[in-house]
Every structure is written in structure tokens, then in C-alpha cells.
Amino acid sequence: MLIEHAKIMKALAAVGEIVGRKKLQKMIYIAKKIDFPFYEKFDFHFYGPYSEELTLRIEELCNLGFLHEVKEKKGGYYQYRYMLTESGEEFLSHYELDMPHLEDCLRDMNEQSARFLELVSTILYFEDLSKEEIKEKVFTLKSKQRYTEEEIEQAHSYIEQLRSKVKKEVRT
Amino acid sequence: MYPNEKLSEEKVFKDPVHRYVHVRDKVIWDLIGTKEFQRLRRIKQLGTTYLTFHGAEHSRFNHSLGVYEIVRRIVDDVFDGRDDWDRNERLLCLCSALLHDLGHGPFSHSFEKVFHLDHEHFTRAIILGDTEVNAVLRRVSDDFPKKVAEVIAKTYPNKLVVSLISSQIDADRMDYLLRDAYYTGVSYGHFDMERILRVMRPREDQVVIKRSGMHAVEDYIMSRYQMYWQVYFHPVTRSAEVILTKILHRAKHLYLAGYTFQTPPVHFHSLFVGNIQLQDYLKLDEAVVLYYFQQWQDEKDEILSDLCRRFINRNLFKYVEFHPTNEQMKKLMELTTLFKKAGIDPEYYLVVDSSSDLPYDFYRPGEEEERLPIYLLMPNGELRELSRESTIVDAISGKRRTDHKLYFPQDFLDDVSTKRNIKKKIKEILEG
């Protein structure tokens with residue numbers, strides 16, 4: 001019970017802290033797409049894949065005192081940072097979640113910018129299309145972000161790199 | 001030309017929410033007549049809510065017509081002739097509105113959760129696959145089915161078109177709030193949709209609302225908030241949902257374990273083995289599912305038959321508030337052990353349900369680039385996020401409220417013919 005909540009906490013425990021809801025959303029989506037067992041439902045939104053279910057789950061974890069949310073003013077907006085609380089760590093200790101390659105992948109993602117993760121998650125959202133079609137999608141749907149061809153290539157390589165991490169660790 | 005072909009006489013559907021749904025386009029009329037769209041008559045809009053609010057028997061068919069009608073009014077009566085609005089997108093908007101829920105299955109939410117399905121995947125498959133809907137859309141143009149699928153998937157390049165069907169203030173939400181309020185019979189949930197439509201303005205990426213219409217939007221946000229807590233999250237509906245989910249889990253478990261059903265789950269086969277094809281999916285509707293539940297009441301497996309009897313006869317689980325703190329989690333573990341000792345399988349009879357388990361949301365402005373909020377168009381042409389102008393919306397969206405409940409079969413615990421002391425202990429813990 002509450003296993004899906006525990007998985008999100010496990011993700012936060014793995015990286016220590018995530019700054020920005022957008023980043024958090026994209027990290028969980030990317031993790032789901034590279035086959036980690038997250039079951040939150042994602043839709044394509046203005047800023048790429050987004051899960052209302054995940055937003056609510058994070059709110060629940062904050063209300064329960066398992067996550068610490070810090071609201072910071074950033075320009076005309078607010079930004080939120082998240083980390084596990086002590087009672088969150090205790091709660092997590094009730095679960096044996098066997099996701100051994102998660103930490104490495106999430107730590108890597110956490111070092112990337114939210115903008116880059118938006119691109120990576122958008123590419124993953126359209127991964128059934130050909131590379132050319134994906135590029136076209138990025139240029140039309142993300143025209144305001146002005147991604148370059150080089151960034152798109154980097155994002156493809158990054159996805160491969162993440163996937164190879166998962167595979168490598170599965171083999172070991 | 002088929003895309004512009006009009007019916008010789010306008011067709012009018014009587015509708016309790018919008019009074020009339022008007023159809024003049026031949027394409028829309030043909031889509032309504034397809035078997036895939038007619039299937040939506042056999043799928044209830046609110047799933048198990050009819051077990052709480054007996055009027056809530058309305059279908060996804062009614063709702064889809066309602067969304068179509070709202071979009072028709074927006075594009076024909078409000079947007080037509082305005083800057084930023086491309087009249088050539090009209091038919092695409094109408095078709096997307098009508099078909100936006102086409103892929104929903106029976107008791108959609110529970111099925112999606114148990115079998116890890118996504119109704120949007122099936123919407124796309126119906127629109128692009130070998131179906132009557134696809135044949136109608138292809139008569140418009142070869143790439144028209146793809147465009148409709150993209151609008152519904154929110155990946156169509158014209159984001160204004162997408163926002164009519166899917167945004168924080170879209171035709172889908174406006175119809176389901178009004179319709180669900182009407183059919184459940186609740187007095188909250190109403191707002192002045194006509195006024196909102198009048199103050200909607202098209203912009204490059206989304207619909208915005210004239211500042212003068214802010215109070216009408218406040219009412220809509222209030223409606224959304226109240227329906228969320230009073231109808232969609234109703235604890236009795238959630239109890240029915242919990243039982244339904246457990247029936248599906250149990251049936252799948254038995255099937256995979258090689259159990260011999262008296263009524264074999266023929267329609268569920270591909271779901272259980274995780275290889276569902278479109279044609280199998282389309283054969284599933286709520287009449288089919290309820291037939292199996294009716295039959296499974298007599299299965300030899302006691303858990304399956306009991307859960308089915310509960311669902312069919314509305315003998316639902318009771319609940320207590322459950323705030324899963326670490327202390328409560330220890331109690332939950334103790335309860336799990338006691339349930340096992342009492343011979344009641346906790347896997348099926350002791351269930352925590354959280355607000356995040358349900359597919360509804362309320363309005364929150366969020367942080368920058370998290371998701372697109374509602375924007376007000378100020379008299380000087382500037383755009384301002386709604387909660388920055390409205391104290392009511394700011395108050396509602398600023399406060400976080402979540403909810404967890406623990407469900408269990410009270411009647412099993414009240415039956416003290418066996419395991420009397422263990423059940424007594426369980427009740428003591430549950431009563432806190």
C-alpha cells in the first residue's frame with residue numbers, strides 16, 4: 001500500500017534534492033520511459049510531458065510531512081525545491097524497493113537543466129516516430145524554446161547513455 | 001465537397017445541459033453514426049458514481065456531444081472573424097471535440113490502473129486504425145485523421161486549437177462539470193458558461209479571458225473545487241472503485257494461476273495476458289463487464305464471488321480516515337497481520353485509497369513552465385495569471401488539501417461467529 005508514493009520518495013532520496021517542479025516532472029517521466037516502474041499517467045502539455053497525478057502525489061507527501069517543500073521567489077514566479085524529511089526517510093524504510101539503477105540515472109538527470117530535460121522528455125514522448133519526424137515535432141511544438149539541431153542530437157545521445165546505464169547495471 | 005457539406009436540415013439533439021446540440025455538418029453527423037462513437041452510450045461518464053448519486057447514469061456519449069456543442073458555439077459564435085483565429089481549423093476543432101473521449105473503456109479509471117492502459121492510446125488507435133470513424137475522417141482528407149489524433153493528444157502545432165479541448169478552462173471541463181452536477185443532482189457545480197464563452201478571446205497559443213469576465217471564471221473554479229471534493233472524491237464512490245479494482249485484480253490473478261472459471265473471462269483474455277488489441281478493446285463495454293460480475297457472484301473462489309456480490313448489490317466497504325504517518329503505518333502493518341489471522345485476505349480487504357489515485361484535479365497556478373495557467377486579458381492588453389487578480393482563486397488554489405482513507409469490510413468484522421477476539425482487536429484499532 002502507498003507503494004507509488006514510496007517510489008517517488010525513493011527517487012528524491014536518491015538525489016537528495018530536486019529544484020523545480022518542472023524538473024521533477026521531467027525526471028520521473030524520463031525514468032518511467034527508460035523502464036523504471038513509475039505508473040503516474042503523463043499527458044503532453046505546453047511544456048512537455050506532465051502528470052497531474054504526480055503533482056497530487058507530491059502534495060500528499062508534503063501534507064504528510066514526508067517531503068519538505070521550499071517555496072522561493074524567482075522573478076515574477078515561485079519555484080519549489082523538494083527534499084525528504086526525517087519522517088519521510090522513516091516511512092521509506094518500511095518499503096523494500098528494488099530499483100538498483102535508479103540512483104545513478106536520477107543523479108545524472110538532476111545535474112541537467114530543466115530546459116534540457118524538457119527536450120529529452122519531449123523526444124521520448126515521440127520516440128515511436130523517426131528521428132526526422134521527432135526533429136520536426138520539436139521545432140514546431142517547442143518553437144519558443146529555440147532548440148538547436150545540436151541540442152536535439154545531444155538529447156538523443158543522452159537517452160542512449162541513460163538506457164545503457166540501465167542495461168549495464170541489469171547485466172551486473 | 002465533403003468537408004464543407006451541410007445537411008439539408010439541421011439536426012438537433014435535446015440535451016438537458018445545453019438545451020440543444022446543433023449538427024449541421026455532414027461529417028459530424030456521420031461520425032455520430034459510427035459504431036465506435038455509438039459504443040460510448042454504453043460507458044458511463046462517472047463510472048461507479050451512480051452507486052452514490054443514483055442519477056449519475058449519464059454516458060460518455062452525452063458528454064461528447066456536449067463538448068462538441070460548446071466548441072461549436074465558441075468557434076461559430078465567439079471566435080469567428082477575430083484576429084488569431086483561423087477559420088480553416090473549424091472542422092478540426094469540432095471533430096476533435098466530438099471524439100476526444102472515444103478511447104475510454106468501461107469503468108475506465110479502474111481498468112487503466114489495473115491493466116496499465118491509457119485510453120488516449122485507444123483514442124488514437126480508433127482514429128487512425130481500420131474503423132468506421134477513420135473512414136469518415138479520411139473522406140475529409142488523407143491527413144485529417146492524423147490531425148484529429150494530434151489535437152486530442154495535445155501535440156497539434158496550433159496550440160489554440162488544442163486549448164479549446166484541453167486546458168485549464170476548456171470545453172471538456174465545462175461540459176463535465178455542468179453535466180455531472182445536473183445528473184448527480186447536486187446544487188454546487190453550476191456556473192455561467194454563456195458568460196465565460198462571451199469573454200473568451202483567441203490568442204496565438206491559448207484561449208484567454210477578458211478581465212471583465214473574471215467573476216464568471218471564479219465561479220467556474222469554485223465549481224471545480226466543490227465538485228472535486230463533493231462528487232468526484234466522494235468516499236462511497238471510492239469504496240465502489242476499490243472493490244471494482246480488486247475484482248479485476250482477483251480475476252486476473254485467478255486466470256494467470258490456471259483457475260477454472262464457471263464463466264470463463266473470454267472478453268478479458270487479452271487484458272489479463274497484457275496483449276490487448278483494438279478489436280478486443282472495442283468489444284468491452286460496461287454491459288459486458290457487469291455481465292461477468294453478475295455471473296462471477298456464483299464462482300467457487302470465495303474472494304471473487306464475494307467482491308462481485310458486493311459490487312452488484314452495493315454492499316460496499318466502510319472506511320475510516322487514514323493519515324499515513326509513520327505511527328499510522330505501524331498500525332496498518334499490525335492490521336495487516338490481524339486480518340491474516342482473522343482469515344480475511346488484506347490484499348483484497350484492507351485498502352488505502354488516496355486523492356492522487358483519482359483522475360481529477362483542481363486549479364493551481366503552479367510555478368513557471370510547470371503547466372499553462374488561466375490568463376486574464378487586461379484592458380491594456382497585458383496577460384495576468386488568474387490567481388494574481390482574484391483573491392477567491394488565490395485562496396482556493398493556495399491551500400493544499402489531500403485525503404486518504406482506509407477501506408475494509410465492516411460486515412466481516414461484525415461476524416463474530418469466528419475469530420471473535422482478533423476481530424475485536426481489529427475494530428479497536430480501526431476505531432482509533
# chains A, B, ... in the order shown; residues from 1 in each chain; ligands from 1
call {"tool": "interface_residues", "arguments": {"of": "chain A", "to": "chain B", "cutoff": "9 Å", "atoms": "only C-alpha atoms", "output": "tab-separated table (two decimals) with C-alpha atoms, in the first residue's frame"}}
result
chain	number	residue	atom	x	y	z
A	1	MET	CA	0.00	0.00	0.00
A	2	LEU	CA	1.13	3.53	-0.85
A	20	GLY	CA	11.78	23.00	-9.59
A	21	ARG	CA	8.55	21.15	-10.21
A	22	LYS	CA	9.21	21.14	-13.93
A	23	LYS	CA	12.49	19.34	-13.37
A	25	GLN	CA	8.12	16.10	-13.52
A	39	TYR	CA	2.93	4.37	-13.08
A	41	LYS	CA	-0.07	8.95	-16.07
A	43	ASP	CA	-0.02	13.82	-20.89
A	44	PHE	CA	1.62	16.13	-23.32
A	45	HIS	CA	1.28	19.72	-22.13
A	46	PHE	CA	2.53	23.08	-23.24
A	47	TYR	CA	5.89	22.46	-21.57
A	48	GLY	CA	6.19	18.79	-22.45
A	50	TYR	CA	3.26	16.44	-17.36
A	52	GLU	CA	-1.35	15.75	-12.66
A	53	GLU	CA	-1.25	12.52	-10.67
A	54	LEU	CA	2.39	13.14	-9.80
A	55	THR	CA	1.62	16.72	-8.75
A	56	LEU	CA	-1.09	15.48	-6.40
A	57	ARG	CA	1.14	12.74	-5.03
A	59	GLU	CA	1.23	17.44	-2.48
A	60	GLU	CA	0.12	14.46	-0.42
A	63	ASN	CA	1.00	17.28	3.65
A	64	LEU	CA	2.07	14.09	5.38
A	65	GLY	CA	5.34	15.72	6.36
A	66	PHE	CA	7.40	13.25	4.33
A	74	LYS	CA	12.18	33.59	-8.82
A	76	GLY	CA	7.69	37.03	-11.20
A	77	TYR	CA	7.13	33.40	-10.28
A	78	TYR	CA	7.74	30.98	-7.47
A	79	GLN	CA	9.99	27.98	-7.65
A	80	TYR	CA	9.81	24.98	-5.37
A	87	SER	CA	9.92	11.06	8.90
A	88	GLY	CA	9.96	10.62	5.13
A	90	GLU	CA	11.47	6.51	8.22
A	91	PHE	CA	8.40	5.94	6.04
A	94	HIS	CA	9.05	0.37	5.56
A	137	LYS	CA	7.92	17.93	-33.75
A	140	THR	CA	7.03	23.06	-34.26
A	141	LEU	CA	5.84	22.28	-30.74
call {"tool": "select_by_dssp", "arguments": {"residues": "chain A", "states": "helix (DSSP H, G or I)", "output": "PyMOL selection string"}}
result
chain A and resi 3-15+21-33+52-63+86-92+102-110+114-125+131-141+143-145+149-171
call {"tool": "select_by_dssp", "arguments": {"residues": "segment 71-161 of chain A", "states": "strand (DSSP E)", "output": "ChimeraX atom specification"}}
result
/A:71-74,77-84
call {"tool": "closest_residue", "arguments": {"among": "A:Tyr147, A:Val166, A:Leu67, A:Lys73", "to": "Lys32 of chain A", "atoms": "only C-alpha atoms"}}
result
A:Val166
call {"tool": "residues_around", "arguments": {"residues": "Ile196 of chain B", "least_positions_apart": "5", "cutoff": "8 Å", "atoms": "only C-alpha atoms", "output": "short mmCIF file (atom, residue, chain, number, x, y, z; two decimals) with N, CA, C and O atoms, in the first residue's frame"}}
result
data_model
loop_
_atom_site.label_atom_id
_atom_site.label_comp_id
_atom_site.auth_asym_id
_atom_site.auth_seq_id
_atom_site.Cartn_x
_atom_site.Cartn_y
_atom_site.Cartn_z
N ILE B 209 -9.06 35.02 -21.11
CA ILE B 209 -10.36 35.51 -20.67
C ILE B 209 -10.28 37.01 -20.42
O ILE B 209 -9.37 37.47 -19.73
N GLY B 213 -14.59 39.35 -17.35
CA GLY B 213 -15.27 38.06 -17.12
C GLY B 213 -14.69 37.29 -15.94
O GLY B 213 -15.02 36.11 -15.74
N ALA B 216 -17.06 35.36 -13.51
CA ALA B 216 -17.65 34.14 -14.08
C ALA B 216 -16.64 33.00 -13.98
O ALA B 216 -17.00 31.84 -13.69
N VAL B 217 -15.37 33.31 -14.20
CA VAL B 217 -14.33 32.28 -14.11
C VAL B 217 -14.12 31.86 -12.65
O VAL B 217 -13.89 30.68 -12.36
#
call {"tool": "atom_distance", "arguments": {"atom1": "atom CA of Asp25 of chain B", "atom2": "atom CA of Asp170 of chain B"}}
result
22.1 Å
call {"tool": "atom_distance", "arguments": {"atom1": "atom CA of Ile43 of chain B", "atom2": "atom CA of Val161 of chain B"}}
result
26.6 Å
call {"tool": "atom_distance", "arguments": {"atom1": "atom CA of His121 of chain B", "atom2": "atom CA of Phe126 of chain A"}}
result
13.0 Å
call {"tool": "residues_around", "arguments": {"residues": "segment 273-275 of chain B", "least_positions_apart": "2", "cutoff": "9 Å", "atoms": "only C-alpha atoms", "output": "PyMOL selection string"}}
result
chain B and resi 115-116+252+256+268-271+277
call {"tool": "write_last_selection", "arguments": {"atoms": "N, CA, C and O atoms", "output": "PDB file, in the first residue's frame"}}
result
ATOM      1  N   PHE B 115      -4.685  -2.576 -15.384  1.00  0.00           N
ATOM      2  CA  PHE B 115      -4.031  -3.188 -16.548  1.00  0.00           C
ATOM      3  C   PHE B 115      -3.007  -2.244 -17.208  1.00  0.00           C
ATOM      4  O   PHE B 115      -2.519  -2.542 -18.302  1.00  0.00           O
ATOM      5  N   HIS B 116      -2.721  -1.138 -16.540  1.00  0.00           N
ATOM      6  CA  HIS B 116      -1.766  -0.150 -17.067  1.00  0.00           C
ATOM      7  C   HIS B 116      -2.097   0.226 -18.520  1.00  0.00           C
ATOM      8  O   HIS B 116      -1.250   0.134 -19.425  1.00  0.00           O
ATOM      9  N   LYS B 252      -7.825 -11.505 -12.631  1.00  0.00           N
ATOM     10  CA  LYS B 252      -6.562 -11.662 -13.372  1.00  0.00           C
ATOM     11  C   LYS B 252      -5.653 -12.678 -12.669  1.00  0.00           C
ATOM     12  O   LYS B 252      -5.079 -13.562 -13.319  1.00  0.00           O
ATOM     13  N   LEU B 256      -4.416 -16.175 -14.407  1.00  0.00           N
ATOM     14  CA  LEU B 256      -2.994 -16.485 -14.626  1.00  0.00           C
ATOM     15  C   LEU B 256      -2.549 -17.698 -13.810  1.00  0.00           C
ATOM     16  O   LEU B 256      -1.590 -18.385 -14.172  1.00  0.00           O
ATOM     17  N   PHE B 268     -11.892 -10.856 -21.336  1.00  0.00           N
ATOM     18  CA  PHE B 268     -10.782 -10.281 -20.581  1.00  0.00           C
ATOM     19  C   PHE B 268      -9.428 -10.895 -20.947  1.00  0.00           C
ATOM     20  O   PHE B 268      -8.403 -10.436 -20.466  1.00  0.00           O
ATOM     21  N   HIS B 269      -9.487 -11.961 -21.746  1.00  0.00           N
ATOM     22  CA  HIS B 269      -8.264 -12.736 -22.007  1.00  0.00           C
ATOM     23  C   HIS B 269      -7.064 -11.847 -22.354  1.00  0.00           C
ATOM     24  O   HIS B 269      -6.013 -11.908 -21.710  1.00  0.00           O
ATOM     25  N   SER B 270      -7.225 -11.009 -23.376  1.00  0.00           N
ATOM     26  CA  SER B 270      -6.061 -10.237 -23.828  1.00  0.00           C
ATOM     27  C   SER B 270      -5.621  -9.202 -22.785  1.00  0.00           C
ATOM     28  O   SER B 270      -4.446  -8.842 -22.722  1.00  0.00           O
ATOM     29  N   LEU B 271      -6.567  -8.735 -21.972  1.00  0.00           N
ATOM     30  CA  LEU B 271      -6.194  -7.813 -20.888  1.00  0.00           C
ATOM     31  C   LEU B 271      -5.331  -8.538 -19.864  1.00  0.00           C
ATOM     32  O   LEU B 271      -4.331  -8.017 -19.391  1.00  0.00           O
ATOM     33  N   GLN B 277      -5.664  -6.016 -28.110  1.00  0.00           N
ATOM     34  CA  GLN B 277      -5.786  -5.495 -29.470  1.00  0.00           C
ATOM     35  C   GLN B 277      -7.026  -4.608 -29.553  1.00  0.00           C
ATOM     36  O   GLN B 277      -7.976  -4.784 -28.785  1.00  0.00           O
TER      37      GLN B 277
END
call {"tool": "closest_residue", "arguments": {"among": "A:Glu96, A:Glu4, A:Glu17, A:Glu160", "to": "Glu111 of chain A", "atoms": "only C-alpha atoms"}}
result
A:Glu17
call {"tool": "residues_around", "arguments": {"residues": "Asp84 of chain B", "least_positions_apart": "3", "cutoff": "7 Å", "atoms": "only C-alpha atoms", "output": "PDB file with N, CA and C atoms, in the first residue's frame"}}
result
ATOM      1  N   PRO B 202      -9.376  34.431 -28.490  1.00  0.00           N
ATOM      2  CA  PRO B 202      -8.284  33.600 -29.018  1.00  0.00           C
ATOM      3  C   PRO B 202      -6.961  34.348 -29.007  1.00  0.00           C
ATOM      4  N   ARG B 203      -5.910  33.681 -28.595  1.00  0.00           N
ATOM      5  CA  ARG B 203      -4.559  34.226 -28.695  1.00  0.00           C
ATOM      6  C   ARG B 203      -3.710  33.175 -29.388  1.00  0.00           C
ATOM      7  N   GLU B 204      -2.482  33.513 -29.724  1.00  0.00           N
ATOM      8  CA  GLU B 204      -1.661  32.618 -30.537  1.00  0.00           C
ATOM      9  C   GLU B 204      -1.597  31.204 -29.959  1.00  0.00           C
TER      10      GLU B 204
END
call {"tool": "decode", "arguments": {"residues": "segment 35-167 of chain A", "atoms": "C-alpha atoms", "output": "PDB file, in the first residue's frame"}}
result
ATOM      1  CA  ASP A  35      11.596   1.390 -17.845  1.00  0.00           C
ATOM      2  CA  PHE A  36      11.658   2.237 -14.179  1.00  0.00           C
ATOM      3  CA  PRO A  37       8.332   1.165 -12.678  1.00  0.00           C
ATOM      4  CA  PHE A  38       6.608   4.521 -12.207  1.00  0.00           C
ATOM      5  CA  TYR A  39       2.929   4.366 -13.080  1.00  0.00           C
ATOM      6  CA  GLU A  40       1.859   8.014 -12.959  1.00  0.00           C
ATOM      7  CA  LYS A  41      -0.074   8.953 -16.075  1.00  0.00           C
ATOM      8  CA  PHE A  42       1.556  11.658 -18.188  1.00  0.00           C
ATOM      9  CA  ASP A  43      -0.025  13.817 -20.889  1.00  0.00           C
ATOM     10  CA  PHE A  44       1.625  16.133 -23.319  1.00  0.00           C
ATOM     11  CA  HIS A  45       1.280  19.718 -22.128  1.00  0.00           C
ATOM     12  CA  PHE A  46       2.532  23.081 -23.243  1.00  0.00           C
ATOM     13  CA  TYR A  47       5.894  22.464 -21.569  1.00  0.00           C
ATOM     14  CA  GLY A  48       6.188  18.786 -22.452  1.00  0.00           C
ATOM     15  CA  PRO A  49       5.047  15.634 -20.603  1.00  0.00           C
ATOM     16  CA  TYR A  50       3.260  16.435 -17.357  1.00  0.00           C
ATOM     17  CA  SER A  51       1.431  14.336 -14.792  1.00  0.00           C
ATOM     18  CA  GLU A  52      -1.351  15.749 -12.659  1.00  0.00           C
ATOM     19  CA  GLU A  53      -1.249  12.521 -10.669  1.00  0.00           C
ATOM     20  CA  LEU A  54       2.390  13.139  -9.801  1.00  0.00           C
ATOM     21  CA  THR A  55       1.623  16.721  -8.753  1.00  0.00           C
ATOM     22  CA  LEU A  56      -1.088  15.475  -6.402  1.00  0.00           C
ATOM     23  CA  ARG A  57       1.136  12.739  -5.026  1.00  0.00           C
ATOM     24  CA  ILE A  58       3.840  15.283  -4.217  1.00  0.00           C
ATOM     25  CA  GLU A  59       1.227  17.436  -2.478  1.00  0.00           C
ATOM     26  CA  GLU A  60       0.123  14.457  -0.418  1.00  0.00           C
ATOM     27  CA  LEU A  61       3.685  13.683   0.592  1.00  0.00           C
ATOM     28  CA  CYS A  62       4.217  17.304   1.628  1.00  0.00           C
ATOM     29  CA  ASN A  63       1.000  17.285   3.654  1.00  0.00           C
ATOM     30  CA  LEU A  64       2.067  14.087   5.376  1.00  0.00           C
ATOM     31  CA  GLY A  65       5.339  15.722   6.359  1.00  0.00           C
ATOM     32  CA  PHE A  66       7.400  13.251   4.334  1.00  0.00           C
ATOM     33  CA  LEU A  67       8.661  15.855   1.875  1.00  0.00           C
ATOM     34  CA  HIS A  68       9.952  19.287   2.656  1.00  0.00           C
ATOM     35  CA  GLU A  69       8.900  21.890   0.126  1.00  0.00           C
ATOM     36  CA  VAL A  70      10.664  25.248  -0.016  1.00  0.00           C
ATOM     37  CA  LYS A  71       8.958  27.991  -1.978  1.00  0.00           C
ATOM     38  CA  GLU A  72      11.342  30.569  -3.410  1.00  0.00           C
ATOM     39  CA  LYS A  73      10.656  33.703  -5.358  1.00  0.00           C
ATOM     40  CA  LYS A  74      12.184  33.589  -8.816  1.00  0.00           C
ATOM     41  CA  GLY A  75      11.456  36.595 -10.994  1.00  0.00           C
ATOM     42  CA  GLY A  76       7.689  37.033 -11.203  1.00  0.00           C
ATOM     43  CA  TYR A  77       7.125  33.402 -10.279  1.00  0.00           C
ATOM     44  CA  TYR A  78       7.738  30.978  -7.468  1.00  0.00           C
ATOM     45  CA  GLN A  79       9.986  27.981  -7.650  1.00  0.00           C
ATOM     46  CA  TYR A  80       9.815  24.981  -5.374  1.00  0.00           C
ATOM     47  CA  ARG A  81      12.560  22.729  -4.069  1.00  0.00           C
ATOM     48  CA  TYR A  82      11.928  19.307  -2.589  1.00  0.00           C
ATOM     49  CA  MET A  83      13.791  17.013  -0.219  1.00  0.00           C
ATOM     50  CA  LEU A  84      12.943  14.128   2.076  1.00  0.00           C
ATOM     51  CA  THR A  85      12.287  14.829   5.758  1.00  0.00           C
ATOM     52  CA  GLU A  86      13.376  12.549   8.591  1.00  0.00           C
ATOM     53  CA  SER A  87       9.924  11.060   8.896  1.00  0.00           C
ATOM     54  CA  GLY A  88       9.964  10.618   5.131  1.00  0.00           C
ATOM     55  CA  GLU A  89      13.111   8.550   5.489  1.00  0.00           C
ATOM     56  CA  GLU A  90      11.472   6.510   8.221  1.00  0.00           C
ATOM     57  CA  PHE A  91       8.400   5.942   6.037  1.00  0.00           C
ATOM     58  CA  LEU A  92      10.610   4.843   3.169  1.00  0.00           C
ATOM     59  CA  SER A  93      12.333   2.340   5.419  1.00  0.00           C
ATOM     60  CA  HIS A  94       9.055   0.368   5.558  1.00  0.00           C
ATOM     61  CA  TYR A  95       9.469  -0.496   1.884  1.00  0.00           C
ATOM     62  CA  GLU A  96      11.901  -2.730   0.119  1.00  0.00           C
ATOM     63  CA  LEU A  97      12.072  -1.189  -3.316  1.00  0.00           C
ATOM     64  CA  ASP A  98      14.427  -2.936  -5.612  1.00  0.00           C
ATOM     65  CA  MET A  99      15.361  -0.240  -8.130  1.00  0.00           C
ATOM     66  CA  PRO A 100      19.156  -0.520  -8.123  1.00  0.00           C
ATOM     67  CA  HIS A 101      19.956   1.559 -11.220  1.00  0.00           C
ATOM     68  CA  LEU A 102      17.611   4.389 -10.299  1.00  0.00           C
ATOM     69  CA  GLU A 103      20.028   6.444  -8.246  1.00  0.00           C
ATOM     70  CA  ASP A 104      22.706   6.684 -10.906  1.00  0.00           C
ATOM     71  CA  CYS A 105      20.228   7.736 -13.617  1.00  0.00           C
ATOM     72  CA  LEU A 106      18.403  10.271 -11.472  1.00  0.00           C
ATOM     73  CA  ARG A 107      21.587  11.832 -10.151  1.00  0.00           C
ATOM     74  CA  ASP A 108      22.720  12.290 -13.709  1.00  0.00           C
ATOM     75  CA  MET A 109      19.379  13.851 -14.709  1.00  0.00           C
ATOM     76  CA  ASN A 110      19.430  16.132 -11.695  1.00  0.00           C
ATOM     77  CA  GLU A 111      22.645  17.664 -12.977  1.00  0.00           C
ATOM     78  CA  GLN A 112      20.974  18.641 -16.255  1.00  0.00           C
ATOM     79  CA  SER A 113      18.976  21.828 -16.766  1.00  0.00           C
ATOM     80  CA  ALA A 114      15.167  21.776 -16.737  1.00  0.00           C
ATOM     81  CA  ARG A 115      15.268  23.101 -20.301  1.00  0.00           C
ATOM     82  CA  PHE A 116      17.378  20.152 -21.473  1.00  0.00           C
ATOM     83  CA  LEU A 117      15.176  17.664 -19.602  1.00  0.00           C
ATOM     84  CA  GLU A 118      12.129  19.197 -21.296  1.00  0.00           C
ATOM     85  CA  LEU A 119      13.767  18.433 -24.627  1.00  0.00           C
ATOM     86  CA  VAL A 120      14.750  14.891 -23.590  1.00  0.00           C
ATOM     87  CA  SER A 121      11.262  14.118 -22.311  1.00  0.00           C
ATOM     88  CA  THR A 122       9.663  15.564 -25.442  1.00  0.00           C
ATOM     89  CA  ILE A 123      11.859  13.363 -27.628  1.00  0.00           C
ATOM     90  CA  LEU A 124      10.945  10.343 -25.521  1.00  0.00           C
ATOM     91  CA  TYR A 125       7.264  11.231 -25.846  1.00  0.00           C
ATOM     92  CA  PHE A 126       7.596  10.967 -29.628  1.00  0.00           C
ATOM     93  CA  GLU A 127      10.091   8.139 -29.718  1.00  0.00           C
ATOM     94  CA  ASP A 128       7.853   5.990 -31.928  1.00  0.00           C
ATOM     95  CA  LEU A 129       8.446   8.472 -34.740  1.00  0.00           C
ATOM     96  CA  SER A 130      11.520   8.623 -36.970  1.00  0.00           C
ATOM     97  CA  LYS A 131      14.401  10.903 -35.963  1.00  0.00           C
ATOM     98  CA  GLU A 132      13.467  13.385 -38.689  1.00  0.00           C
ATOM     99  CA  GLU A 133       9.839  13.473 -37.575  1.00  0.00           C
ATOM    100  CA  ILE A 134      10.913  13.955 -33.968  1.00  0.00           C
ATOM    101  CA  LYS A 135      13.057  16.894 -35.006  1.00  0.00           C
ATOM    102  CA  GLU A 136      10.102  18.361 -36.843  1.00  0.00           C
ATOM    103  CA  LYS A 137       7.916  17.929 -33.752  1.00  0.00           C
ATOM    104  CA  VAL A 138      10.473  19.647 -31.540  1.00  0.00           C
ATOM    105  CA  PHE A 139      10.804  22.564 -33.928  1.00  0.00           C
ATOM    106  CA  THR A 140       7.033  23.057 -34.261  1.00  0.00           C
ATOM    107  CA  LEU A 141       5.839  22.277 -30.735  1.00  0.00           C
ATOM    108  CA  LYS A 142       8.801  23.818 -28.955  1.00  0.00           C
ATOM    109  CA  SER A 143       9.455  26.727 -31.282  1.00  0.00           C
ATOM    110  CA  LYS A 144       9.598  29.180 -28.385  1.00  0.00           C
ATOM    111  CA  GLN A 145      12.383  27.212 -26.714  1.00  0.00           C
ATOM    112  CA  ARG A 146      14.502  27.561 -29.861  1.00  0.00           C
ATOM    113  CA  TYR A 147      16.253  24.216 -29.515  1.00  0.00           C
ATOM    114  CA  THR A 148      19.098  23.713 -31.978  1.00  0.00           C
ATOM    115  CA  GLU A 149      19.834  20.596 -34.035  1.00  0.00           C
ATOM    116  CA  GLU A 150      22.912  20.117 -31.892  1.00  0.00           C
ATOM    117  CA  GLU A 151      20.847  20.086 -28.708  1.00  0.00           C
ATOM    118  CA  ILE A 152      18.485  17.563 -30.241  1.00  0.00           C
ATOM    119  CA  GLU A 153      21.429  15.324 -31.105  1.00  0.00           C
ATOM    120  CA  GLN A 154      22.758  15.718 -27.569  1.00  0.00           C
ATOM    121  CA  ALA A 155      19.380  14.735 -26.192  1.00  0.00           C
ATOM    122  CA  HIS A 156      19.303  11.581 -28.337  1.00  0.00           C
ATOM    123  CA  SER A 157      22.779  10.635 -27.128  1.00  0.00           C
ATOM    124  CA  TYR A 158      21.762  11.359 -23.572  1.00  0.00           C
ATOM    125  CA  ILE A 159      18.801   8.983 -23.854  1.00  0.00           C
ATOM    126  CA  GLU A 160      21.098   6.262 -25.193  1.00  0.00           C
ATOM    127  CA  GLN A 161      23.520   6.927 -22.377  1.00  0.00           C
ATOM    128  CA  LEU A 162      20.776   6.578 -19.760  1.00  0.00           C
ATOM    129  CA  ARG A 163      19.469   3.403 -21.351  1.00  0.00           C
ATOM    130  CA  SER A 164      22.916   1.858 -21.456  1.00  0.00           C
ATOM    131  CA  LYS A 165      23.351   2.614 -17.768  1.00  0.00           C
ATOM    132  CA  VAL A 166      20.167   0.715 -17.023  1.00  0.00           C
ATOM    133  CA  LYS A 167      21.170  -2.202 -19.232  1.00  0.00           C
TER     134      LYS A 167
END
